[in-house]
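*Asks:* Pasting in a structure now, in structure tokens, and then I'll have a few things to ask.
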Amino acid sequence: MKRCVALVVAAGRGERFGGDVPKQYKTLGDAPLLRQSLGRLSAHPDIAEVRAVIHPNDLPLYEIAAKGLGIGAPIMGGQERQDSVRLGLETLAADAPDLVLIHDGARPFVGADVIDRVLDALEHSEAAVPALPLSDTLKRLVEGDGGCETVDRANLWRAQTPQGFHFQRILEAHRAAVGMALTDDAGVAERAGVVVSLVEGEERNFKITTQQDFQHARDLMREATETRVGFGIDVHKLGEGNSVTLCGVVVPNDQALEGHSDADVALHALTDALLGTIAAGDIGRHFPPSDDQWRGASSVLFVNRAVALVRARGARIVHADITIMGEAPRIGPHRRMMTTRVASLLGIDSGRVAIKATTTEQLGFIGRREGLAAQAVVTIQCPVETT
């Protein structure tokens with residue numbers, strides 16, 4: 001599978017927007033606007049990495065916006081947007097991806113369907129841009145007499161982001177366009193002879209440029225929510241040892257769980273359930289066992305990342321239900337501590353967390369004490385995704 005990196009451009013000053021901070025750091029819902037853009041791209045299963053290009057003066061604001069999302073170090077941008085994109089691409093070139101998506105940080109509501117359509121188009125196209133056909137009649141002012149004339153809107157489209165490219169082609173195109181003032185990355189590509197395909201965009205994927213746009217975004221955040229449910233399951237083998245970690249709590253036992261991390265089967269299931277609520281892939285995609293940085297890591301880190309991605313979507317965690325399956329250890333004496341631990345990780349009251357245990361009546365690998373399994377169900381309230 002081709003490796004895709006998303007580059008979020010957020011170095012602008014937002015002169016037309018005004019205000020005391022750049023628009024991408026204005027609070028939308030209960031978090032900076034930029035956090036929605038970063039979170040949605042980070043949650044997409046086919047995007048391997050997300051990087052942001054920011055203004056050097058905005059580093060403290062950016063750290064708040066990106067906290068907990070697992071995004072790489074920010075890249076310092078240039079004077080113009082085109083400069084910022086080029087600098088971002090040059091940074092990525094050290095470990096060049098196959099594909100790159102370039103997205104405006106001020107488009108907080110990009111949907112997974114739009115990302116899918118761009119990536120699908122890159123299977124057979126050199127570049128792909130989401131766009132919407134113009135629906136309003138267009139007028140052009142006529143110089144001199146103060147009148148206007150109608151412009152034919154046939155074949156005219158409104159371009160959006162993320163715009164997708166084969167990495168090497170767009171890097172070369174940007175290098176060749178230094179000093180020019182092209183309006184978007186597709187324009188840079190077109191100048192270099194790259195054929196750009198259009199895919200269907202979404203009305204909801206608008207760019208926040210003015211205070212009126214920002215109020216519209218706030219209104220969307222206040223609209224109806226929907227209930228989503230995510231399910232996760234995990235299994236780990238038992239081996240030699242004297243304790244197991246379950247729900248972040250160390251429990252004495254005559255065997256230990258084996259795994260690349262701390263093998264907390266309950267928190268692994270919980271992580272998958274959280275990711276499932278926002279269709280963000282699975283735990284292996286975000287924390288691959290082939291990556292040495294997760295060797296022996298606490299599974300609390302996995303839950304924290306999944307919670308951050310859920311909240312970046314503007315969602316609220318409502319309830320979690322975890323069932324641990326094994327002949328031993330006994331969960332009862334540790335249930336309250338586990339419940340308190342999970343509630344703290346999810347940021348909810350302990351009355352919204354259920355920790356249960358069951359055996360398999362000595363049947364199967366669990367009954368033979370070869371391993372433990374866990375299932376988790378998470379319920380969230382999430383803003384409705386409509387176009």
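Letters A, B, ... go to the chains of the structure tokens in the order shown; residues in each chain start at 1; ligands are counted from 1 in the same order.
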Report the closest atom pair, with its distance in Å rounded to one decimal, for each residue of region 122-144 of chain A that has an atom no farther than 7 Å from region 189-198 of chain A; count only C-alpha atoms, sort by chain and then rising residue number, and write it as a Markdown table.

*Replies:*
```
| residue | atom | partner | partner_atom | distance |
| --- | --- | --- | --- | --- |
| A:Ser125 | CA | A:Ser197 | CA | 6.6 |
| A:Glu126 | CA | A:Val195 | CA | 6.0 |
| A:Ala127 | CA | A:Val196 | CA | 4.7 |
| A:Ala128 | CA | A:Ser197 | CA | 4.6 |
| A:Val129 | CA | A:Leu198 | CA | 5.0 |
| A:Pro130 | CA | A:Leu198 | CA | 5.8 |
| A:Ala131 | CA | A:Leu198 | CA | 6.3 |
```

*Asks:* At most 7 Å is the cut-off: for each residue in region 7-60 of chain A with any atom that close to an atom of region 278-291 of chain A, write down the nearest atom pair and the distance in Å rounded to one decimal, counting only C-alpha atoms, chain first then increasing number, as a Markdown table.

*Replies:*
```
| residue | atom | partner | partner_atom | distance |
| --- | --- | --- | --- | --- |
| A:Ala43 | CA | A:Ala280 | CA | 4.5 |
| A:His44 | CA | A:Ala280 | CA | 5.4 |
| A:Pro45 | CA | A:Gly281 | CA | 4.8 |
```

*Asks:* Write the residues of the selection above to a file with N, CA and C atoms, as a short mmCIF file (atom, residue, chain, number, x, y, z; two decimals), in the first residue's frame.

*Replies:*
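This went into out_30.cif:
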```cif
data_model
loop_
_atom_site.label_atom_id
_atom_site.label_comp_id
_atom_site.auth_asym_id
_atom_site.auth_seq_id
_atom_site.Cartn_x
_atom_site.Cartn_y
_atom_site.Cartn_z
N ALA A 43 -7.08 10.75 12.08
CA ALA A 43 -7.96 9.61 12.30
C ALA A 43 -8.19 8.77 11.05
N HIS A 44 -7.84 9.29 9.88
CA HIS A 44 -8.13 8.55 8.65
C HIS A 44 -7.20 7.34 8.53
N PRO A 45 -7.76 6.15 8.32
CA PRO A 45 -6.94 4.93 8.32
C PRO A 45 -5.88 4.87 7.24
#
```

*Asks:* Out of region 100-325 of chain A, which residues get strand (DSSP E) from DSSP, as a PyMOL selection string?

*Replies:* chain A and resi 100-104+127-133+138-141+148-151+157-159+163-166+196-200+225-239+243-246+249-252+256-257+316-325

*Asks:* Go through A:Asp213, A:Glu172, A:Asp185, A:Asp120 one by one, measure the shortest atom-to-atom distance of each to Leu7 (chain A) using only C-alpha atoms, and give the residue with the smallest value.

*Replies:*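 Once distances to Leu7 (chain A) are computed over only C-alpha atoms, the minimum belongs to A:Asp185.
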
*Asks:* Any idea what's packed within 12 Å of Leu119 (chain A), counting only C-alpha atoms, ignoring anything in its chain fewer than 2 positions away? Could you give it as a ChimeraX atom specification?

*Replies:* /A:1-6,44-47,98-102,112-117,121-130,162-166,197-199

*Asks:* Counting only C-alpha atoms, what are the residues of region 253-328 of chain A within 8 Å of region 225-230 of chain A, and for each of them which pair of atoms is the nearest and at what distance in Å, to one decimal? Sort the table by chain and rising number, as CSV.

*Replies:*
```
residue,atom,partner,partner_atom,distance
A:Asp272,CA,A:Gly230,CA,7.7
A:Ala273,CA,A:Gly230,CA,4.4
A:Leu274,CA,A:Gly230,CA,6.0
A:Leu275,CA,A:Gly230,CA,7.2
A:Gly276,CA,A:Gly230,CA,4.6
A:Thr277,CA,A:Gly230,CA,4.4
```

*Asks:* Using the selection just defined, write its residues with C-alpha atoms as a CSV table (one decimal), in the first residue's frame.

*Replies:*
```
chain,number,residue,atom,x,y,z
A,272,ASP,CA,-10.2,-0.1,19.4
A,273,ALA,CA,-13.7,0.7,20.6
A,274,LEU,CA,-12.8,4.4,20.9
A,275,LEU,CA,-11.3,4.4,17.4
A,276,GLY,CA,-14.3,2.6,16.1
A,277,THR,CA,-16.7,5.4,17.1
```

*Asks:* Can you list every residue in region 57-115 of chain A that DSSP puts in helix (DSSP H, G or I), as a ChimeraX atom specification?

*Replies:* /A:57-66,81-95,112-115

*Asks:* Once you have the residues from the selection above, write them out as a PDB file, in the first residue's frame, restricted to C-alpha atoms.

*Replies:*
```pdb
ATOM      1  CA  ASN A  57       5.369  32.924  16.387  1.00  0.00           C
ATOM      2  CA  ASP A  58       2.503  30.458  16.834  1.00  0.00           C
ATOM      3  CA  LEU A  59       4.382  27.552  18.400  1.00  0.00           C
ATOM      4  CA  PRO A  60       2.735  27.844  21.866  1.00  0.00           C
ATOM      5  CA  LEU A  61      -0.723  28.048  20.277  1.00  0.00           C
ATOM      6  CA  TYR A  62       0.046  25.108  18.001  1.00  0.00           C
ATOM      7  CA  GLU A  63       1.200  22.913  20.876  1.00  0.00           C
ATOM      8  CA  ILE A  64      -2.208  23.377  22.515  1.00  0.00           C
ATOM      9  CA  ALA A  65      -4.038  22.639  19.259  1.00  0.00           C
ATOM     10  CA  ALA A  66      -2.069  19.451  18.535  1.00  0.00           C
ATOM     11  CA  ARG A  81       1.366  30.137   1.491  1.00  0.00           C
ATOM     12  CA  GLN A  82       3.255  28.829  -1.519  1.00  0.00           C
ATOM     13  CA  ASP A  83       6.534  29.220   0.395  1.00  0.00           C
ATOM     14  CA  SER A  84       5.059  27.378   3.394  1.00  0.00           C
ATOM     15  CA  VAL A  85       3.925  24.424   1.307  1.00  0.00           C
ATOM     16  CA  ARG A  86       7.306  24.144  -0.388  1.00  0.00           C
ATOM     17  CA  LEU A  87       9.118  24.228   2.949  1.00  0.00           C
ATOM     18  CA  GLY A  88       6.786  21.528   4.226  1.00  0.00           C
ATOM     19  CA  LEU A  89       7.426  19.337   1.205  1.00  0.00           C
ATOM     20  CA  GLU A  90      11.187  19.805   1.505  1.00  0.00           C
ATOM     21  CA  THR A  91      11.007  18.618   5.122  1.00  0.00           C
ATOM     22  CA  LEU A  92       9.038  15.517   4.109  1.00  0.00           C
ATOM     23  CA  ALA A  93      11.552  14.726   1.361  1.00  0.00           C
ATOM     24  CA  ALA A  94      14.010  13.283   3.887  1.00  0.00           C
ATOM     25  CA  ASP A  95      11.630  10.329   4.277  1.00  0.00           C
ATOM     26  CA  ALA A 112     -13.575  10.959   5.334  1.00  0.00           C
ATOM     27  CA  ASP A 113     -15.514  10.548   2.071  1.00  0.00           C
ATOM     28  CA  VAL A 114     -13.692  13.502   0.499  1.00  0.00           C
ATOM     29  CA  ILE A 115     -10.324  12.104   1.586  1.00  0.00           C
TER      30      ILE A 115
END
```

*Asks:* So which residues touch Leu257 (chain A) within 7 Å, counting only C-alpha atoms, skipping near sequence neighbours fewer than 2 positions away, as a ChimeraX atom specification?

*Replies:* /A:236-239,244,255,259,263

*Asks:* Skipping near chain neighbours, those fewer than 5 positions away, what residues fall within 6 Å of region 358-367 of chain A using only C-alpha atoms, listed as a VMD selection string?

*Replies:* chain A and resid 325 to 327 372

*Asks:* Between A:Lys139, A:Arg295, A:Arg313, A:Arg13, which one has atoms that come closest to Asp262 (chain A), using only C-alpha atoms?

*Replies:*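 Residue with the minimum atom-to-atom distance to Asp262 (chain A): A:Arg295.
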